[in-house]
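*Asks:* One file is attached below, target-v1.cif, containing mmCIF, C-alpha atoms.
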```
data_data
loop_
_atom_site.label_atom_id
_atom_site.label_comp_id
_atom_site.auth_asym_id
_atom_site.auth_seq_id
_atom_site.Cartn_x
_atom_site.Cartn_y
_atom_site.Cartn_z
CA MET A 1 12.26 -173.79 113.08
CA ILE A 2 13.36 -174.24 109.45
CA MET A 3 15.18 -177.52 108.78
CA GLU A 4 18.36 -176.84 106.82
CA GLU A 5 20.67 -179.62 105.80
CA TYR A 6 24.06 -179.15 104.24
CA ARG A 7 25.77 -181.87 102.23
CA LEU A 8 29.19 -182.15 100.69
CA TYR A 9 29.61 -184.72 97.97
CA THR A 10 32.97 -186.29 97.18
CA ILE A 11 34.23 -188.05 94.06
CA LYS A 12 33.47 -191.34 95.82
CA ASP A 13 29.83 -190.24 96.23
CA LEU A 14 29.65 -189.41 92.50
CA LYS A 15 31.12 -192.81 91.63
CA ASP A 16 28.65 -194.64 93.88
CA TRP A 17 25.79 -192.76 92.27
CA ILE A 18 26.83 -192.71 88.60
CA LEU A 19 28.78 -195.94 88.26
CA ASP A 20 27.15 -198.19 90.83
CA GLY A 21 23.63 -196.75 90.87
CA ARG A 22 23.61 -196.50 94.66
CA SER A 23 21.33 -193.77 95.90
CA ASN A 24 23.22 -191.28 97.94
CA GLU A 25 21.97 -188.69 100.41
CA GLY A 26 19.96 -186.58 97.99
CA LEU A 27 22.52 -186.60 95.17
CA SER A 28 20.58 -186.24 91.93
CA LYS A 29 20.67 -184.87 88.41
CA SER A 30 19.15 -181.67 89.79
CA ILE A 31 22.46 -181.00 91.55
CA ILE A 32 24.87 -182.24 88.91
CA THR A 33 24.17 -183.74 85.50
CA SER A 34 25.40 -187.27 84.94
CA THR A 35 27.62 -186.00 82.09
CA ARG A 36 29.31 -183.49 84.37
CA ALA A 37 29.59 -186.04 87.19
CA TYR A 38 31.19 -188.55 84.81
CA SER A 39 33.63 -185.88 83.69
CA PHE A 40 34.50 -185.08 87.33
CA ILE A 41 35.11 -188.77 88.08
CA ASN A 42 37.57 -189.00 85.19
CA ASN A 43 39.44 -185.81 86.09
CA PRO A 44 43.12 -186.85 86.49
CA TYR A 45 43.57 -184.72 89.63
CA VAL A 46 40.74 -185.96 91.82
CA THR A 47 40.94 -188.32 94.76
CA ASP A 48 38.01 -190.33 96.09
CA GLU A 49 37.83 -188.21 99.24
CA MET A 50 37.89 -184.83 97.46
CA PRO A 51 34.68 -182.80 97.93
CA VAL A 52 33.51 -181.40 94.58
CA VAL A 53 29.86 -180.53 95.07
CA SER A 54 28.12 -178.75 97.94
CA ALA A 55 24.37 -178.51 98.31
CA LEU A 56 21.95 -177.09 100.80
CA PHE A 57 18.48 -178.48 101.38
CA VAL A 58 15.70 -176.64 103.15
CA GLU A 59 12.90 -178.84 104.49
CA GLY A 60 14.25 -181.57 102.22
CA GLU A 61 14.05 -179.37 99.13
CA LEU A 62 17.15 -178.38 97.14
CA ALA A 63 17.82 -174.67 97.83
CA ALA A 64 21.38 -174.05 96.58
CA TYR A 65 24.34 -175.89 95.14
CA THR A 66 27.71 -175.36 93.53
CA ALA A 67 30.55 -177.46 92.14
CA ALA A 68 34.27 -177.18 91.50
CA PHE A 69 36.87 -179.36 89.83
CA PRO A 70 40.58 -179.54 90.65
CA GLU A 71 43.48 -179.05 88.31
CA ARG A 72 47.24 -179.05 88.71
CA LEU A 73 48.26 -176.14 86.51
CA ARG A 74 51.64 -175.88 84.90
CA LYS A 75 51.38 -172.08 85.08
CA PRO A 76 50.91 -170.77 87.72
CA ASN A 77 52.38 -173.88 89.28
CA CYS A 78 49.71 -174.93 91.78
CA LEU A 79 46.82 -177.22 92.50
CA THR A 80 43.75 -175.11 91.93
CA HIS A 81 39.99 -175.55 91.96
CA TRP A 82 37.74 -174.05 89.28
CA PHE A 83 34.24 -173.16 90.37
CA ASN A 84 31.82 -173.86 87.57
CA SER A 85 28.22 -173.65 88.67
CA LEU A 86 26.22 -171.84 91.30
CA PHE A 87 22.50 -172.10 91.79
CA VAL A 88 20.24 -170.56 94.41
CA ASP A 89 16.52 -171.13 94.22
CA PRO A 90 15.04 -167.62 93.80
CA LYS A 91 12.67 -168.20 96.70
CA TYR A 92 15.65 -168.51 99.06
CA GLU A 93 17.48 -165.39 97.91
CA GLY A 94 18.85 -163.06 100.59
CA LYS A 95 19.57 -165.80 103.10
CA GLY A 96 23.26 -166.22 102.26
CA TYR A 97 22.76 -169.74 100.88
CA GLY A 98 24.82 -169.03 97.73
CA MET A 99 27.62 -167.67 99.86
CA PHE A 100 27.34 -170.66 102.14
CA VAL A 101 27.59 -173.38 99.47
CA LEU A 102 30.45 -171.58 97.68
CA GLY A 103 32.27 -170.59 100.87
CA SER A 104 32.01 -173.97 102.55
CA LEU A 105 33.35 -175.76 99.47
CA MET A 106 36.16 -173.20 99.34
CA GLU A 107 36.93 -173.84 103.01
CA CYS A 108 37.47 -177.52 102.15
CA TYR A 109 40.29 -176.55 99.79
CA GLY A 110 42.29 -174.82 102.51
CA ASN A 111 45.08 -172.79 100.98
CA ASP A 112 44.65 -174.08 97.41
CA PRO A 113 43.87 -171.11 95.15
CA VAL A 114 40.42 -171.07 93.58
CA PHE A 115 39.49 -169.42 90.30
CA ASP A 116 36.26 -168.71 88.50
CA LEU A 117 36.28 -167.81 84.82
CA ASP A 118 33.16 -166.56 83.09
CA ALA A 119 31.63 -166.12 86.54
CA VAL A 120 28.04 -164.96 86.91
CA ASP A 121 27.39 -161.74 88.84
CA THR A 122 26.27 -163.55 91.97
CA SER A 123 29.45 -165.64 92.07
CA VAL A 124 31.59 -162.53 91.56
CA GLN A 125 29.92 -160.81 94.52
CA ILE A 126 30.22 -163.85 96.75
CA LEU A 127 33.82 -164.55 95.80
CA ALA A 128 34.64 -160.89 96.44
CA TYR A 129 33.20 -161.32 99.93
CA LEU A 130 35.31 -164.45 100.32
CA GLY A 131 38.43 -162.45 99.48
CA LEU A 132 38.91 -162.95 95.73
CA GLN A 133 39.73 -160.18 93.27
CA SER A 134 37.82 -159.83 90.07
CA THR A 135 38.53 -158.47 86.65
CA SER A 136 37.25 -159.26 83.19
CA PHE A 137 38.63 -160.48 79.91
CA THR A 138 37.46 -159.91 76.37
CA GLN A 139 35.62 -162.46 74.35
CA TYR A 140 34.98 -161.61 70.73
CA ASP A 141 31.72 -162.98 69.38
CA PHE A 142 30.75 -162.96 65.74
CA ARG A 143 27.37 -163.86 64.39
CA ASN A 144 26.05 -164.50 60.96
CA LYS A 145 22.54 -163.33 61.38
CA ASN A 146 20.02 -161.75 63.60
CA ILE A 147 17.91 -164.72 64.63
CA ASN A 148 14.82 -162.65 65.36
CA ARG A 149 12.99 -162.27 62.05
CA ASN A 150 9.85 -160.92 63.67
CA SER A 151 10.77 -157.30 63.03
CA TRP A 152 11.53 -155.66 59.71
CA LYS A 153 15.10 -155.07 60.94
CA GLY A 154 15.50 -158.77 61.66
CA GLU A 155 14.10 -159.63 58.24
CA VAL A 156 16.48 -157.23 56.49
CA ALA A 157 19.41 -158.57 58.51
CA PHE A 158 18.43 -162.12 57.60
CA TYR A 159 18.48 -161.44 53.86
CA PHE A 160 21.60 -159.32 54.12
CA ASP A 161 23.24 -162.21 55.91
CA ARG A 162 22.21 -164.62 53.13
CA ILE A 163 23.92 -162.36 50.61
CA LEU A 164 26.97 -161.99 52.81
CA ARG A 165 27.29 -165.72 53.31
CA ALA A 166 26.95 -166.36 49.60
CA ARG A 167 29.53 -163.67 48.93
CA ARG A 168 31.82 -165.07 51.60
CA SER A 169 31.67 -168.60 50.28
CA LYS A 170 32.55 -167.34 46.81
CA SER A 171 34.99 -164.68 47.86
CA ARG A 172 37.70 -164.83 45.27
CA PHE A 173 39.95 -162.72 47.40
CA LEU A 174 39.73 -165.05 50.35
CA GLU A 175 39.96 -168.15 48.20
CA LYS A 176 43.01 -166.73 46.48
CA SER A 177 44.63 -165.78 49.77
CA ILE A 178 43.97 -169.20 51.22
CA LYS A 179 45.17 -170.99 48.11
CA GLY A 180 48.23 -168.76 48.07
CA SER A 181 49.06 -169.83 51.61
CA SER A 182 51.16 -172.93 51.49
CA TYR A 183 50.09 -174.47 54.79
CA THR A 184 48.97 -178.00 55.36
CA LEU A 185 46.81 -179.25 58.22
CA GLU A 186 46.91 -182.22 60.55
CA TYR A 187 44.00 -183.15 62.79
CA ASP A 188 44.01 -185.05 66.06
CA ASP A 189 41.42 -185.64 68.73
CA PHE A 190 44.00 -185.31 71.48
CA VAL A 191 47.00 -183.11 72.22
CA ASP A 192 50.10 -185.12 71.40
CA ALA A 193 53.65 -184.50 72.65
CA GLU A 194 54.65 -182.43 69.61
CA ALA A 195 51.61 -180.14 69.85
CA TYR A 196 52.05 -179.72 73.59
CA GLU A 197 55.72 -178.84 73.22
CA PHE A 198 54.68 -176.16 70.72
CA ILE A 199 52.04 -174.86 73.13
CA ILE A 200 54.56 -174.57 75.98
CA THR A 201 57.00 -172.67 73.78
CA HIS A 202 54.35 -170.24 72.49
CA SER A 203 52.36 -169.56 75.66
CA LYS A 204 54.58 -167.00 77.34
CA GLY A 205 51.96 -164.24 77.57
CA ASP A 206 49.21 -166.52 78.86
CA ALA A 207 47.59 -166.34 82.28
CA PHE A 208 47.37 -170.12 82.57
CA LEU A 209 49.05 -173.14 81.10
CA ARG A 210 47.40 -176.49 81.57
CA GLU A 211 49.16 -179.83 81.70
CA ARG A 212 48.68 -182.06 78.67
CA GLU A 213 46.73 -184.61 80.69
CA ALA A 214 44.23 -181.89 81.69
CA LEU A 215 43.72 -180.85 78.07
CA ASN A 216 43.18 -184.43 76.99
CA TRP A 217 40.75 -185.03 79.87
CA MET A 218 38.70 -182.05 78.71
CA LEU A 219 38.72 -183.15 75.09
CA ARG A 220 37.49 -186.55 76.14
CA PHE A 221 35.05 -185.62 78.93
CA PRO A 222 33.31 -182.29 78.24
CA PHE A 223 30.28 -181.26 80.30
CA VAL A 224 28.18 -181.14 77.14
CA HIS A 225 26.71 -184.20 75.51
CA GLU A 226 25.24 -184.60 72.06
CA ALA A 227 21.50 -185.10 71.72
CA PRO A 228 20.09 -185.39 68.19
CA ILE A 229 16.55 -184.47 69.28
CA LYS A 230 17.49 -181.69 71.64
CA GLU A 231 14.06 -180.13 71.92
CA ARG A 232 12.76 -183.31 73.57
CA VAL A 233 15.59 -183.60 76.08
CA ARG A 234 14.27 -183.72 79.63
CA SER A 235 16.30 -181.78 82.12
CA SER A 236 15.99 -180.88 85.76
CA ASN A 237 19.34 -179.11 85.97
CA LEU A 238 19.99 -175.48 85.16
CA PHE A 239 23.50 -176.28 83.98
CA SER A 240 22.57 -179.25 81.84
CA SER A 241 23.91 -178.85 78.39
CA ALA A 242 22.92 -180.81 75.35
CA LYS A 243 23.74 -179.83 71.80
CA THR A 244 22.78 -181.51 68.59
CA LYS A 245 26.45 -181.42 67.63
CA GLN A 246 29.63 -180.86 69.61
CA ARG A 247 33.03 -182.08 68.45
CA TYR A 248 36.60 -180.99 68.97
CA PHE A 249 39.51 -180.76 66.54
CA VAL A 250 43.11 -180.35 67.58
CA VAL A 251 44.50 -178.59 64.53
CA LYS A 252 48.19 -178.50 63.64
CA VAL A 253 49.23 -176.06 60.94
CA LEU A 254 52.43 -176.86 59.07
CA VAL A 255 54.57 -175.26 56.40
CA LYS A 256 56.96 -177.69 54.74
CA SER A 257 56.55 -180.09 57.67
CA GLU A 258 57.46 -177.36 60.16
CA LEU A 259 54.83 -176.80 62.83
CA ILE A 260 53.73 -173.14 62.74
CA GLY A 261 50.46 -173.23 64.67
CA VAL A 262 48.37 -175.31 67.03
CA TYR A 263 44.80 -174.61 68.05
CA VAL A 264 41.67 -176.39 69.12
CA LEU A 265 38.29 -175.82 67.53
CA CYS A 266 35.01 -176.74 69.12
CA ASP A 267 32.45 -177.23 66.38
CA SER A 268 29.00 -177.19 67.91
CA SER A 269 25.50 -176.73 66.58
CA THR A 270 25.43 -173.20 67.95
CA ARG A 271 28.93 -171.93 67.29
CA LEU A 272 32.51 -172.51 66.30
CA SER A 273 34.85 -171.67 69.19
CA LEU A 274 38.56 -171.17 69.02
CA LEU A 275 39.88 -172.63 72.26
CA GLY A 276 43.68 -172.65 72.61
CA PHE A 277 45.52 -170.62 69.97
CA TYR A 278 49.31 -170.78 69.55
CA TYR A 279 51.36 -169.71 66.57
CA GLU A 280 54.80 -168.93 65.24
CA PRO A 281 54.73 -165.09 64.91
CA ASN A 282 56.42 -165.12 61.49
CA TYR A 283 53.60 -167.27 60.14
CA LEU A 284 50.64 -165.56 61.80
CA ASP A 285 48.85 -164.89 58.48
CA GLU A 286 49.01 -168.53 57.42
CA VAL A 287 47.58 -169.67 60.74
CA LEU A 288 44.85 -167.02 60.57
CA TYR A 289 43.93 -168.06 57.03
CA SER A 290 43.65 -171.65 58.21
CA ILE A 291 41.12 -170.52 60.84
CA VAL A 292 39.20 -168.56 58.20
CA GLN A 293 39.12 -171.67 56.05
CA HIS A 294 37.52 -173.60 58.91
CA ILE A 295 34.97 -170.84 59.46
CA MET A 296 34.01 -170.96 55.78
CA ARG A 297 33.92 -174.73 55.54
CA LEU A 298 32.05 -175.43 58.79
CA ASP A 299 29.63 -172.51 58.37
CA ASN A 300 28.44 -172.35 62.01
CA PRO A 301 25.96 -169.62 62.93
CA SER A 302 28.56 -167.92 65.13
CA PHE A 303 32.23 -167.83 66.01
CA SER A 304 33.99 -166.88 69.23
CA THR A 305 37.56 -166.29 70.30
CA THR A 306 39.47 -164.59 73.11
CA ASP A 307 42.37 -163.72 70.82
CA LYS A 308 42.54 -160.15 69.55
CA ASN A 309 44.67 -161.01 66.50
CA VAL A 310 42.08 -163.48 65.32
CA ALA A 311 39.20 -161.11 66.06
CA ASP A 312 40.83 -158.22 64.18
CA PHE A 313 41.58 -160.44 61.19
CA ILE A 314 38.01 -161.73 60.97
CA ARG A 315 36.65 -158.24 61.33
CA LYS A 316 38.94 -157.03 58.56
CA LYS A 317 37.83 -159.80 56.24
CA ARG A 318 34.14 -158.99 57.00
CA LEU A 319 33.29 -162.61 57.53
CA PHE A 320 30.31 -161.96 59.76
CA LEU A 321 27.43 -159.57 59.81
CA ILE A 322 27.43 -158.81 63.51
CA ASP A 323 30.28 -158.71 65.99
CA LYS A 324 30.18 -157.99 69.67
CA ASP A 325 32.82 -157.89 72.37
CA THR A 326 31.72 -159.28 75.71
CA ARG A 327 33.55 -158.93 79.02
CA PRO A 328 33.10 -162.09 81.10
CA SER A 329 34.28 -161.91 84.71
CA PHE A 330 37.35 -163.58 86.07
CA CYS A 331 37.84 -164.12 89.83
CA TYR A 332 41.24 -164.94 91.28
CA PRO A 333 43.03 -164.85 94.64
CA LYS A 334 44.84 -161.58 95.33
CA GLU A 335 48.25 -163.25 95.45
CA PHE A 336 47.80 -163.86 91.70
CA ASN A 337 47.31 -160.18 90.93
CA GLY A 338 49.73 -160.12 88.00
CA ILE A 339 47.64 -162.70 86.18
CA ASN A 340 44.86 -160.30 85.22
CA LYS A 341 46.78 -158.55 82.47
CA LYS A 342 47.64 -161.72 80.62
CA GLN A 343 45.97 -163.52 77.75
CA ILE A 344 43.06 -165.76 78.66
CA GLN A 345 42.73 -168.67 76.25
CA GLY A 346 39.33 -169.87 75.11
CA TRP A 347 40.02 -173.20 76.84
CA ASP A 348 40.88 -171.81 80.27
CA GLY A 349 38.81 -172.68 83.32
CA ASP A 350 35.66 -174.57 82.49
CA MET A 351 35.12 -172.73 79.18
CA PHE A 352 36.56 -175.74 77.33
CA LEU A 353 34.00 -178.05 78.83
CA ASN A 354 30.78 -176.14 78.18
CA MET B 1 31.27 -155.88 124.25
CA ASN B 2 27.64 -155.75 125.31
CA ARG B 3 24.57 -155.87 123.08
CA ASP B 4 23.90 -152.13 123.25
CA GLU B 5 27.43 -151.26 122.14
CA ILE B 6 27.13 -153.72 119.27
CA ILE B 7 23.78 -152.26 118.19
CA VAL B 8 25.22 -148.72 118.22
CA ARG B 9 28.08 -149.73 115.91
CA LEU B 10 25.88 -151.99 113.79
CA THR B 11 23.13 -149.47 113.09
CA PRO B 12 24.97 -147.18 110.63
CA ILE B 13 26.31 -150.24 108.78
CA ALA B 14 22.82 -151.68 108.42
CA GLN B 15 21.37 -148.31 107.40
CA ASN B 16 24.02 -147.98 104.72
CA ASP B 17 24.00 -151.58 103.41
CA PHE B 18 20.23 -151.99 103.42
CA GLU B 19 19.83 -148.43 102.11
CA LYS B 20 17.44 -147.37 104.86
CA GLN B 21 18.66 -144.25 106.59
CA ASP B 22 15.95 -144.42 109.26
CA MET B 23 16.39 -148.12 110.04
CA ILE B 24 16.15 -148.91 113.74
CA LEU B 25 17.55 -152.33 114.51
CA SER B 26 15.52 -154.99 116.27
CA ASP B 27 16.28 -158.65 116.95
CA GLU B 28 13.52 -159.99 114.68
CA GLN B 29 14.55 -158.16 111.50
CA SER B 30 15.48 -160.54 108.65
CA SER B 31 15.17 -161.02 104.89
CA GLU B 32 11.49 -161.72 105.54
CA THR B 33 10.83 -158.33 107.08
CA VAL B 34 13.35 -155.95 105.46
CA ASP B 35 12.51 -155.51 101.77
CA THR B 36 16.04 -154.39 100.80
CA TRP B 37 17.67 -157.42 102.50
CA THR B 38 18.85 -159.05 99.27
CA SER B 39 21.70 -161.55 98.84
CA PHE B 40 24.08 -158.80 97.79
CA ALA B 41 23.04 -156.47 100.61
CA PHE B 42 23.43 -159.29 103.14
CA MET B 43 26.93 -160.09 101.88
CA ARG B 44 27.91 -156.45 101.96
CA PHE B 45 26.52 -156.25 105.47
CA LEU B 46 28.54 -159.25 106.70
CA SER B 47 31.66 -157.97 104.99
CA ASP B 48 31.29 -154.53 106.62
CA ILE B 49 30.64 -156.13 110.02
CA GLU B 50 33.84 -158.14 109.67
CA LYS B 51 35.77 -154.96 108.91
CA GLU B 52 34.15 -152.91 111.69
CA PHE B 53 34.51 -155.54 114.42
CA GLY B 54 37.74 -157.17 113.14
CA ILE B 55 36.19 -160.64 113.04
CA LYS B 56 35.75 -163.37 110.42
CA PHE B 57 32.59 -165.48 110.22
CA LYS B 58 32.92 -169.20 109.50
CA MET B 59 30.62 -170.56 106.80
CA MET B 60 28.65 -172.74 109.22
CA GLU B 61 28.15 -169.61 111.30
CA VAL B 62 26.91 -167.63 108.26
CA LEU B 63 24.22 -170.24 107.74
CA SER B 64 22.88 -169.60 111.23
CA LEU B 65 22.68 -165.82 110.80
CA LYS B 66 19.02 -165.31 109.95
CA THR B 67 18.11 -162.21 111.93
CA ILE B 68 19.71 -159.10 113.36
CA GLY B 69 19.44 -160.82 116.74
CA ASP B 70 21.51 -163.79 115.46
CA ILE B 71 24.12 -161.39 114.07
CA VAL B 72 24.41 -159.42 117.29
CA GLU B 73 24.81 -162.67 119.23
CA ALA B 74 27.47 -163.95 116.82
CA ILE B 75 29.45 -160.68 117.09
CA ALA B 76 29.29 -160.87 120.89
CA LYS B 77 30.68 -164.43 120.82
CA HIS B 78 33.74 -163.50 118.71
#
```
How does the structure come out when it is put into structure tokens?
*Replies:*
Amino acid sequence: MIMEEYRLYTIKDLKDWILDGRSNEGLSKSIITSTRAYSFINNPYVTDEMPVVSALFVEGELAAYTAAFPERLRKPNCLTHWFNSLFVDPKYEGKGYGMFVLGSLMECYGNDPVFDLDAVDTSVQILAYLGLQSTSFTQYDFRNKNINRNSWKGEVAFYFDRILRARRSKSRFLEKSIKGSSYTLEYDDFVDAEAYEFIITHSKGDAFLREREALNWMLRFPFVHEAPIKERVRSSNLFSSAKTKQRYFVVKVLVKSELIGVYVLCDSSTRLSLLGFYYEPNYLDEVLYSIVQHIMRLDNPSFSTTDKNVADFIRKKRLFLIDKDTRPSFCYPKEFNGINKKQIQGWDGDMFLN
Amino acid sequence: MNRDEIIVRLTPIAQNDFEKQDMILSDEQSSETVDTWTSFAFMRFLSDIEKEFGIKFKMMEVLSLKTIGDIVEAIAKH
């Protein structure tokens, strides 16, 4: 007889473990990283009793786990739970353990809708079984270079990229266009009342609209932590995430003290990501040029956005050597069917936090 | 519903979901013995059972479904 043990961990369990150092029924960094647990604890919508992690042990060994965090969305107006990690030890595949940890956590949330953005294939299949619909959204990824220099193609791409980057940084056309744009910038590390008001007004086509407190929680408590010597970081968790650099900028774009755009940039060692993106349609070019200016100045190896306007503009300006559209999955309850044709922002779900 | 009736209705579902047209069901069959019994196939199987028999498995119940025998027993209980 195989000994299976199922455990649900609440926010109180995470607090006991992370803040008070009390050992708790198998809770460990293998199930949830301390950074992610600390973020969960500080989520403005949690209660001590709320289950957020489920794990299954077989003969005392961790076999599967998943986690979800709650959020009271402004649009659609509901308390929801975002699933954000699912792991099944390959040696236990086919036993329904993934379905069990996901499904039993979902059962705890009763009628609250659950969503999963950027879901892995296994989650999509399980959530479909549990009654969720799935669709996909477009993420536009741009890269500067082909990292693999082992082949002659990689080598050519590398040198071509060097030329392109040099050309880009000295592009008179771009410089002239940017200089010709009369915008000014303001930076914050949180979303203030003015920026949030602008976001509300300019988010009509969006699938989701978060409350300001949720945005500021995410800016303050991402799942990723910085680690200067990343290659030496010890990790026992598949979803652990350390980057040598990860910082956020809330950018306000103004023309003559009038706010014409608000967006958030995540500047990490691997990429520059455009998270929320809101603009006054009459000033779209100015806002786009301000993004281009950040791309040029920060010079990250890659850039990503979910906004087609931004992607088309960057493509047109030939800022990157390689671009690729990806189609991450998006799972939602069927009563939210209309949501799948709307704009997904780069900060929706847990994408902000990773 | 008795076991035999369940087996009769379950067999074509299993043959289809585990992609084995000549599969003959026995109580001991599980992910250990059926090579096409993957996570996805198992989920598809449970989903099709729910549709065929008009039942819904609870998660704690799913965890106890290891073999065809367990599944037949669970269907009979619903």
*Asks:* Report, in Å to a single decimal, how far apart CA of Ile18 (chain A) and CA of Asp48 (chain A) are.
*Replies:*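 Answer for the CA of Asp48 (chain A) to CA of Ile18 (chain A) separation: 13.7 Å.
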*Asks:* Using all atoms listed in the file, determine which residues lie at most 6 Å from Arg327 (chain A), disregarding the query and same-chain residues fewer than 6 positions distant; provide the list as an NGL selection string.
*Replies:* :A and (136-138)
*Asks:* List the residues selected by the PyMOL selection byres ((chain A) within 8 of (chain B)) in the file shown, writing them as a PyMOL selection string.
*Replies:* chain A and resi 93-97+99-100+103-104+122+125-126+129
*Asks:* Convert the output of the PyMOL selection byres ((chain B and resi 24) around 9) on the shown file into explicit residues, formatted as a PyMOL selection string.
*Replies:* chain B and resi 11+14-15+21-23+25-26
*Asks:* Might you pull out every residue within 9 Å of Val124 (chain A), with all atoms listed in the file counted and same-chain residues fewer than 2 positions away left off, and present them as a PDB file with C-alpha atoms, in the frame of the given file?
*Replies:*
```
ATOM      1  CA  ASP A 116      36.260-168.710  88.500  1.00  0.00           C
ATOM      2  CA  ALA A 119      31.630-166.120  86.540  1.00  0.00           C
ATOM      3  CA  VAL A 120      28.040-164.960  86.910  1.00  0.00           C
ATOM      4  CA  ASP A 121      27.390-161.740  88.840  1.00  0.00           C
ATOM      5  CA  THR A 122      26.270-163.550  91.970  1.00  0.00           C
ATOM      6  CA  ILE A 126      30.220-163.850  96.750  1.00  0.00           C
ATOM      7  CA  LEU A 127      33.820-164.550  95.800  1.00  0.00           C
ATOM      8  CA  ALA A 128      34.640-160.890  96.440  1.00  0.00           C
ATOM      9  CA  TYR A 129      33.200-161.320  99.930  1.00  0.00           C
ATOM     10  CA  LEU A 132      38.910-162.950  95.730  1.00  0.00           C
ATOM     11  CA  GLN A 133      39.730-160.180  93.270  1.00  0.00           C
ATOM     12  CA  SER A 134      37.820-159.830  90.070  1.00  0.00           C
ATOM     13  CA  SER A 329      34.280-161.910  84.710  1.00  0.00           C
ATOM     14  CA  PHE A 330      37.350-163.580  86.070  1.00  0.00           C
ATOM     15  CA  CYS A 331      37.840-164.120  89.830  1.00  0.00           C
TER      16      CYS A 331
END
```
*Asks:* Output region 334-346 of chain A from the block with N, CA and C atoms, as a compact mmCIF listing (two decimals), in the first residue's frame?
*Replies:*
```txt
# COMPACT_ATOMS: atom_id res chain seq x y z
N LYS A 334 -15.80 29.45 -17.96
CA LYS A 334 -16.60 29.71 -19.16
C LYS A 334 -17.54 30.90 -19.04
N GLU A 335 -17.91 31.26 -17.81
CA GLU A 335 -18.79 32.44 -17.67
C GLU A 335 -18.07 33.73 -18.05
N PHE A 336 -16.76 33.67 -18.24
CA PHE A 336 -16.00 34.86 -18.65
C PHE A 336 -15.60 34.76 -20.13
N ASN A 337 -16.44 34.12 -20.91
CA ASN A 337 -16.12 33.86 -22.31
C ASN A 337 -15.73 35.09 -23.12
N GLY A 338 -16.40 36.22 -22.86
CA GLY A 338 -16.14 37.43 -23.63
C GLY A 338 -14.74 37.99 -23.44
N ILE A 339 -14.09 37.53 -22.38
CA ILE A 339 -12.80 38.10 -21.99
C ILE A 339 -11.68 37.73 -22.97
N ASN A 340 -11.88 36.65 -23.72
CA ASN A 340 -10.76 36.12 -24.50
C ASN A 340 -10.42 36.93 -25.75
N LYS A 341 -11.27 37.89 -26.09
CA LYS A 341 -10.96 38.68 -27.28
C LYS A 341 -10.37 40.03 -26.90
N LYS A 342 -10.13 40.23 -25.62
CA LYS A 342 -9.64 41.53 -25.17
C LYS A 342 -8.14 41.54 -24.99
N GLN A 343 -7.61 42.74 -24.81
CA GLN A 343 -6.17 42.92 -24.68
C GLN A 343 -5.67 42.37 -23.34
N ILE A 344 -4.65 41.54 -23.42
CA ILE A 344 -3.97 41.10 -22.20
C ILE A 344 -2.77 42.03 -22.02
N GLN A 345 -2.65 42.57 -20.83
CA GLN A 345 -1.50 43.44 -20.54
C GLN A 345 -0.33 42.58 -20.04
N GLY A 346 0.86 43.07 -20.28
CA GLY A 346 2.05 42.32 -19.84
C GLY A 346 2.13 42.14 -18.34
```
